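> run.txt is the file, holding compact mmCIF, C-alpha atoms (C1' of nucleotides):
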```
# COMPACT_ATOMS: atom_id res chain seq x y z
CA MET A 973 -27.13 -10.72 24.89
CA LYS A 974 -28.03 -9.06 28.15
CA ALA A 975 -29.82 -10.44 31.19
CA ILE A 976 -32.84 -8.40 32.23
CA ALA A 977 -34.76 -9.06 35.44
CA ALA A 978 -38.45 -8.75 34.66
CA THR A 979 -40.17 -6.52 37.22
CA GLY A 980 -42.81 -8.14 39.36
CA SER A 981 -41.54 -11.65 38.80
CA PRO A 982 -41.11 -13.82 41.88
CA GLU A 983 -37.70 -14.80 40.61
CA PRO A 984 -35.37 -13.01 38.27
CA VAL A 985 -36.30 -14.13 34.80
CA THR A 986 -33.61 -13.99 32.22
CA VAL A 987 -34.94 -12.44 29.06
CA ALA A 988 -32.85 -12.55 25.94
CA VAL A 989 -32.56 -9.02 24.66
CA ARG A 990 -30.51 -8.07 21.67
CA GLN A 991 -27.90 -5.82 23.20
CA ARG A 992 -27.66 -2.42 21.59
CA SER A 993 -24.63 -2.77 19.45
CA PRO A 994 -21.77 -0.42 20.35
CA GLY A 995 -21.17 -0.22 16.62
CA LEU A 996 -19.20 -1.85 13.90
CA LYS A 997 -15.44 -1.89 14.52
CA VAL A 998 -13.38 -2.26 11.36
CA ALA A 999 -9.61 -2.58 11.62
CA THR A 1000 -6.57 -2.94 9.41
CA PHE A 1001 -3.31 -4.60 10.36
CA ASN A 1002 -0.24 -5.19 8.23
CA VAL A 1003 0.99 -8.26 10.10
CA ASN A 1004 4.28 -8.74 8.23
CA GLY A 1005 4.02 -12.54 8.12
CA ILE A 1006 0.81 -14.05 9.48
CA ASN A 1007 2.34 -17.29 10.72
CA GLY A 1008 5.35 -15.71 12.38
CA ARG A 1009 2.97 -13.16 13.88
CA LEU A 1010 0.08 -15.43 14.85
CA SER A 1011 0.44 -15.07 18.63
CA VAL A 1012 0.51 -11.27 18.31
CA LEU A 1013 -2.52 -11.30 16.00
CA LEU A 1014 -4.56 -13.57 18.27
CA LEU A 1015 -3.75 -11.54 21.38
CA TRP A 1016 -4.70 -8.31 19.64
CA LEU A 1017 -7.97 -9.81 18.32
CA LYS A 1018 -8.86 -10.90 21.84
CA GLN A 1019 -8.15 -7.48 23.30
CA ALA A 1020 -9.48 -5.25 20.52
CA GLN A 1021 -12.52 -7.37 19.53
CA PRO A 1022 -12.84 -5.95 16.01
CA ASP A 1023 -15.85 -7.06 13.95
CA ILE A 1024 -14.03 -6.88 10.62
CA VAL A 1025 -10.27 -7.03 10.05
CA CYS A 1026 -8.23 -6.42 6.91
CA LEU A 1027 -4.80 -8.03 6.97
CA GLN A 1028 -1.85 -7.36 4.69
CA GLU A 1029 1.56 -8.92 4.10
CA LEU A 1030 0.46 -12.43 4.99
CA LYS A 1031 3.74 -13.67 3.45
CA ALA A 1032 2.18 -17.10 3.21
CA PRO A 1033 0.93 -19.25 0.33
CA GLN A 1034 -2.81 -19.89 0.15
CA TYR A 1035 -2.64 -23.26 1.93
CA LYS A 1036 -0.60 -21.94 4.86
CA PHE A 1037 -3.20 -19.44 6.04
CA PRO A 1038 -4.00 -20.28 9.71
CA VAL A 1039 -7.71 -20.72 9.14
CA ALA A 1040 -8.24 -23.09 12.08
CA ALA A 1041 -6.58 -20.83 14.65
CA LEU A 1042 -8.61 -17.85 13.45
CA ARG A 1043 -11.85 -19.83 13.46
CA ALA A 1044 -11.11 -20.92 17.02
CA ALA A 1045 -10.73 -17.23 17.85
CA GLY A 1046 -14.18 -16.59 16.38
CA TYR A 1047 -13.26 -15.30 12.91
CA GLU A 1048 -14.16 -16.54 9.46
CA ALA A 1049 -11.95 -15.39 6.62
CA VAL A 1050 -11.38 -14.96 2.92
CA TRP A 1051 -7.79 -14.54 1.82
CA HIS A 1052 -5.49 -14.38 -1.16
CA GLY A 1053 -2.12 -15.80 -0.28
CA GLN A 1054 1.17 -15.75 -2.10
CA SER A 1055 4.44 -17.43 -1.31
CA ARG A 1056 6.97 -15.18 0.41
CA TRP A 1057 5.42 -11.79 -0.35
CA ASN A 1058 2.21 -9.80 -0.26
CA GLY A 1059 -1.02 -11.58 0.68
CA VAL A 1060 -4.28 -10.03 1.93
CA ALA A 1061 -7.21 -11.28 4.01
CA ILE A 1062 -10.56 -10.14 5.36
CA LEU A 1063 -11.73 -11.53 8.70
CA SER A 1064 -15.26 -11.34 10.05
CA ARG A 1065 -16.26 -12.13 13.60
CA GLY A 1066 -18.98 -14.75 13.68
CA SER A 1067 -19.98 -14.59 10.02
CA GLU A 1068 -18.67 -15.60 6.61
CA PRO A 1069 -17.31 -12.82 4.44
CA ILE A 1070 -18.73 -13.17 0.92
CA GLU A 1071 -15.86 -12.75 -1.49
CA ILE A 1072 -16.68 -10.40 -4.39
CA ARG A 1073 -13.33 -10.24 -6.16
CA ARG A 1074 -9.61 -10.79 -5.78
CA GLY A 1075 -7.21 -8.57 -7.64
CA LEU A 1076 -7.98 -5.18 -9.16
CA PRO A 1077 -9.43 -5.02 -12.66
CA GLY A 1078 -7.24 -3.65 -15.42
CA ASN A 1079 -4.28 -6.02 -15.65
CA VAL A 1080 -4.64 -9.78 -15.87
CA GLU A 1081 -0.84 -10.09 -15.89
CA ASP A 1082 -0.56 -8.71 -12.35
CA GLU A 1083 -0.07 -11.71 -10.08
CA HIS A 1084 0.63 -9.89 -6.82
CA SER A 1085 -1.86 -10.71 -4.06
CA ARG A 1086 -2.68 -7.17 -3.10
CA TYR A 1087 -6.45 -6.77 -3.25
CA ILE A 1088 -9.42 -8.72 -1.99
CA GLU A 1089 -13.00 -7.54 -1.70
CA ALA A 1090 -15.88 -8.98 0.26
CA ALA A 1091 -19.37 -8.21 1.49
CA VAL A 1092 -19.23 -8.35 5.28
CA LYS A 1093 -21.98 -7.48 7.76
CA GLY A 1094 -23.74 -5.25 5.25
CA VAL A 1095 -20.65 -3.34 4.15
CA LEU A 1096 -18.52 -3.83 1.06
CA ILE A 1097 -14.89 -4.06 2.14
CA GLY A 1098 -11.93 -3.60 -0.19
CA CYS A 1099 -8.76 -4.76 1.55
CA LEU A 1100 -5.62 -3.51 -0.16
CA TYR A 1101 -1.86 -3.62 0.02
CA LEU A 1102 -0.53 -0.93 -2.27
CA PRO A 1103 2.97 -1.53 -3.67
CA ASN A 1104 5.83 0.08 -1.80
CA GLY A 1105 7.39 1.44 -4.98
CA ASN A 1106 10.98 1.96 -3.88
CA PRO A 1107 13.40 2.72 -5.28
CA ALA A 1108 11.92 5.78 -6.97
CA SER A 1109 12.22 6.27 -9.81
CA GLY A 1110 12.30 2.89 -11.52
CA PRO A 1111 10.12 -0.04 -12.54
CA LYS A 1112 8.83 -0.62 -9.03
CA PHE A 1113 7.75 3.00 -8.74
CA ASP A 1114 6.04 2.77 -12.13
CA TYR A 1115 4.21 -0.34 -10.97
CA LYS A 1116 3.08 1.50 -7.85
CA LEU A 1117 1.67 4.38 -9.88
CA ARG A 1118 -0.06 2.04 -12.33
CA TRP A 1119 -1.54 0.05 -9.44
CA PHE A 1120 -2.73 3.28 -7.85
CA ARG A 1121 -4.43 4.29 -11.15
CA ARG A 1122 -6.23 0.97 -11.23
CA LEU A 1123 -7.32 1.44 -7.61
CA ILE A 1124 -8.65 4.92 -8.37
CA GLY A 1125 -10.62 3.53 -11.31
CA HIS A 1126 -12.10 0.70 -9.30
CA ALA A 1127 -12.85 2.99 -6.36
CA SER A 1128 -14.97 5.18 -8.59
CA THR A 1129 -17.05 2.23 -9.77
CA LEU A 1130 -17.53 1.22 -6.13
CA LEU A 1131 -18.78 4.69 -5.23
CA ALA A 1132 -21.11 4.67 -8.21
CA THR A 1133 -22.97 1.70 -6.72
CA GLY A 1134 -24.06 3.90 -3.82
CA ALA A 1135 -23.44 0.98 -1.45
CA PRO A 1136 -21.74 1.43 1.92
CA VAL A 1137 -18.09 0.76 1.02
CA MET A 1138 -14.74 0.95 2.76
CA LEU A 1139 -11.27 0.86 1.25
CA VAL A 1140 -8.99 -0.34 3.99
CA GLY A 1141 -5.37 -1.29 4.21
CA ASP A 1142 -1.72 -0.42 3.81
CA PHE A 1143 -1.69 2.33 1.18
CA ASN A 1144 2.07 2.86 1.49
CA VAL A 1145 1.44 6.61 1.33
CA MET A 1146 1.94 9.32 3.90
CA PRO A 1147 -0.82 11.69 2.75
CA THR A 1148 0.65 14.90 4.25
CA GLU A 1149 3.68 16.21 6.15
CA LEU A 1150 1.76 15.67 9.37
CA ASP A 1151 1.96 11.95 8.69
CA VAL A 1152 5.78 11.78 8.70
CA TYR A 1153 8.14 12.21 11.65
CA LYS A 1154 10.63 14.07 9.48
CA PRO A 1155 9.12 15.04 6.12
CA GLU A 1156 12.31 16.50 4.60
CA ARG A 1157 13.98 13.09 4.82
CA TRP A 1158 11.21 11.46 2.78
CA ILE A 1159 10.77 13.89 -0.11
CA ASP A 1160 12.22 11.52 -2.72
CA ASP A 1161 10.84 8.33 -1.24
CA ALA A 1162 8.21 6.32 -3.11
CA LEU A 1163 5.91 6.59 -0.07
CA PHE A 1164 5.92 10.37 -0.13
CA ARG A 1165 6.65 11.45 -3.69
CA PRO A 1166 4.27 14.16 -5.00
CA GLU A 1167 2.81 11.78 -7.63
CA VAL A 1168 1.80 9.35 -4.91
CA ARG A 1169 0.42 11.92 -2.51
CA SER A 1170 -1.53 13.43 -5.37
CA ALA A 1171 -2.97 10.03 -6.29
CA TYR A 1172 -4.15 9.60 -2.70
CA GLN A 1173 -5.69 13.07 -2.82
CA GLN A 1174 -7.47 12.15 -6.06
CA LEU A 1175 -9.00 9.22 -4.26
CA LEU A 1176 -10.24 11.46 -1.43
CA ASP A 1177 -11.59 13.92 -4.00
CA GLN A 1178 -13.86 11.19 -5.35
CA GLY A 1179 -15.71 11.43 -2.03
CA TRP A 1180 -13.87 9.09 0.32
CA THR A 1181 -13.28 10.07 3.95
CA ASP A 1182 -10.01 9.25 5.75
CA ALA A 1183 -11.49 8.07 9.07
CA ILE A 1184 -8.43 8.55 11.26
CA ARG A 1185 -7.53 12.01 9.95
CA THR A 1186 -11.16 13.12 10.18
CA CYS A 1187 -11.36 12.10 13.83
CA HIS A 1188 -7.98 13.60 14.67
CA PRO A 1189 -7.35 16.69 12.55
CA GLY A 1190 -3.94 18.23 13.16
CA GLU A 1191 -2.72 15.34 15.31
CA ARG A 1192 0.49 13.40 14.68
CA ILE A 1193 -0.60 9.80 14.27
CA TYR A 1194 1.58 6.97 12.97
CA THR A 1195 0.84 3.37 12.06
CA PHE A 1196 4.36 2.23 11.12
CA TRP A 1197 7.72 2.34 12.81
CA ASP A 1198 10.76 0.83 11.08
CA TYR A 1199 12.62 -2.01 12.78
CA LEU A 1200 15.82 -0.07 12.06
CA ARG A 1201 17.50 2.71 13.99
CA ASN A 1202 15.29 2.34 17.04
CA ALA A 1203 12.45 4.00 15.14
CA TRP A 1204 9.86 2.84 17.68
CA GLY A 1205 11.88 4.10 20.64
CA ARG A 1206 12.32 7.48 18.94
CA ASP A 1207 8.70 7.57 17.74
CA ALA A 1208 10.05 8.02 14.22
CA GLY A 1209 6.85 6.85 12.58
CA LEU A 1210 4.80 7.09 9.41
CA ARG A 1211 1.05 6.98 8.83
CA LEU A 1212 0.61 4.45 6.04
CA ASP A 1213 -2.48 2.45 6.97
CA HIS A 1214 -5.79 4.08 6.19
CA LEU A 1215 -9.53 3.45 6.41
CA LEU A 1216 -11.49 5.25 3.70
CA LEU A 1217 -15.25 5.51 4.01
CA SER A 1218 -17.81 6.06 1.27
CA PRO A 1219 -20.22 8.99 1.74
CA THR A 1220 -22.93 6.68 3.11
CA LEU A 1221 -20.65 5.67 5.96
CA LYS A 1222 -18.88 8.86 6.92
CA ASP A 1223 -21.76 10.24 8.96
CA HIS A 1224 -21.62 7.12 11.13
CA ILE A 1225 -18.09 7.56 12.45
CA VAL A 1226 -18.01 7.23 16.23
CA ALA A 1227 -14.25 7.00 16.76
CA ALA A 1228 -11.04 6.02 15.03
CA GLY A 1229 -7.53 5.33 16.24
CA VAL A 1230 -4.36 3.29 16.25
CA ASP A 1231 -3.49 0.55 18.73
CA ARG A 1232 0.07 1.85 19.12
CA GLU A 1233 0.97 -0.38 22.04
CA VAL A 1234 0.88 -3.45 19.77
CA ARG A 1235 4.03 -2.14 18.08
CA GLY A 1236 5.83 -2.44 21.42
CA TRP A 1237 4.94 -6.10 21.96
CA ASP A 1238 7.43 -8.92 21.71
CA ARG A 1239 7.94 -10.07 18.10
CA ALA A 1240 5.80 -7.17 16.87
CA SER A 1241 5.02 -6.31 13.27
CA ASP A 1242 6.52 -3.01 12.09
CA HIS A 1243 2.91 -1.78 11.65
CA ALA A 1244 0.30 -1.23 14.37
CA PRO A 1245 -3.42 -1.92 13.87
CA ALA A 1246 -5.64 1.02 12.92
CA TRP A 1247 -9.42 1.02 13.35
CA VAL A 1248 -12.70 2.89 13.04
CA ILE A 1249 -15.99 2.38 14.87
CA LEU A 1250 -19.20 3.07 12.97
CA SER A 1251 -22.54 3.56 14.65
CA HIS A 1252 -25.35 1.17 13.94
CA LEU A 1253 -26.37 1.51 10.32
CA PRO A 1254 -29.92 1.05 9.02
CA SER A 1255 -28.68 -1.58 6.59
CA LEU A 1256 -26.84 -3.61 9.23
C1' DA B 871 24.88 7.61 1.14
C1' DT B 872 25.08 3.67 3.85
C1' DG B 873 23.59 0.47 7.09
C1' DG B 874 20.99 -0.73 10.48
C1' DC B 875 16.43 -4.95 11.33
C1' DT B 876 12.94 -8.72 10.16
C1' DA B 877 10.33 -11.80 7.31
C1' DT B 878 10.14 -15.76 3.96
C1' DG B 879 11.88 -20.06 1.69
C1' DA B 880 15.44 -22.55 1.82
C1' DG B 881 18.77 -25.30 4.23
C1' DA B 882 23.13 -20.27 2.27
C1' DC B 883 21.97 -16.32 1.33
C1' DA B 884 18.75 -13.69 -1.72
C1' DT B 885 15.03 -10.60 -1.83
C1' DA B 886 11.64 -7.40 -0.22
C1' DG B 887 10.05 -4.32 2.90
C1' DA B 888 9.55 1.24 3.94
```
In structure tokens, how does this file's structure come out?

Amino acid sequence: MKAIAATGSPEPVTVAVRQRSPGLKVATFNVNGINGRLSVLLLWLKQAQPDIVCLQELKAPQYKFPVAALRAAGYEAVWHGQSRWNGVAILSRGSEPIEIRRGLPGNVEDEHSRYIEAAVKGVLIGCLYLPNGNPASGPKFDYKLRWFRRLIGHASTLLATGAPVMLVGDFNVMPTELDVYKPERWIDDALFRPEVRSAYQQLLDQGWTDAIRTCHPGERIYTFWDYLRNAWGRDAGLRLDHLLLSPTLKDHIVAAGVDREVRGWDRASDHAPAWVILSHLPSL
DNA sequence: ATGGCTATGAGACATAGA
């Protein structure tokens, strides 16, 4: 809301005017333990003021999600917790996300909490935490590839709806050499293996737009720095967290980026938040 | 190649992360 002084009035009259929205800010943040990281998350929410947030690696069972603290900060949430590992959530500022599904179709045996989907502020949001897959090769790598196949299949059905959709989260993939501080060191890693990069490319080929890369072609941008070996101090980073936009949304990109400084905070996650701002959409 | 660090759940260390 914005106060407008009506001209000609004897006194300033406050008129409620719907402020022109600066746009819809959608962010993703692998928090690496939502309870251990709560102070960092709340401070970042206050500073960054995202409208929609996808969280990964909650590392908390369903009942330990800090719903009250987030509500006090102005966010409603849907989440899929899991004890110790994984866990994903979608936050929405000032409105209730409408949960559409949890878990990807294609394997009822898969009990990892790695995907949740909700309708939020007129956009369909798929929040994902793709398996790490190390060591490659092996059963974990196979699981990663199978999970990726299921994601690609579901992504195509989402696109077929024609709705404004975003696939947002920790993809555990560096898409190109530009996304790795030292590509030759990562050739055989599950995050950079050709099969995985090619799967990511297949996703883009369906018609998805990588918001951060599109806004910053040719630029070295990272979203993750290992806790080990002073990776943050050396800027030895990886770009793992991505925001993919359906064709309807890509023409509305205003800006995209990474809140790098958050990685330098006390008790930081090993990931930094990444975000995109979309201009006002007709449907919103 | 290894180990370095950090989280969780447990109440020591095992396991996963990337």
> Measuring between all atoms listed in the file, which one of A:Pro1245, A:Gly1229, A:Gly1075, A:Gly1179 shows the shortest distance to Ala1127 (chain A)?
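The answer is A:Gly1179, which sits nearest to Ala1127 (chain A).
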> Give me, as a tab-separated table, each residue of chain B that comes within 10 Å of chain A, together with its shortest interatomic pair and the distance in Å at one decimal, counting all atoms listed in the file, with rows ordered by chain and rising residue number.

```
residue	atom	partner	partner_atom	distance
B:DG873	C1'	A:Leu1200	CA	9.2
B:DG874	C1'	A:Leu1200	CA	5.4
B:DC875	C1'	A:Leu1200	CA	5.0
B:DT876	C1'	A:Tyr1199	CA	7.2
B:DA877	C1'	A:Gly1005	CA	6.4
B:DT878	C1'	A:Arg1056	CA	4.8
B:DG879	C1'	A:Arg1056	CA	7.0
B:DT885	C1'	A:Arg1056	CA	9.5
B:DA886	C1'	A:Trp1057	CA	7.6
B:DG887	C1'	A:Asn1104	CA	7.7
B:DA888	C1'	A:Asn1104	CA	6.9
```
> Can you work out the spacing between CA of Ser1064 (chain A) and CA of Met1146 (chain A) in Å, to one decimal?
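Atom-to-atom, CA of Ser1064 (chain A) and CA of Met1146 (chain A) are spaced 27.6 Å apart.
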> Leaving out Val1230 (chain A) and any residue of its chain fewer than 3 positions from it, which residues lie within 9 Å of it when counting all atoms listed in the file, given as a VMD selection string?
chain A and resid 1184 1193 to 1195 1233 1244 to 1248
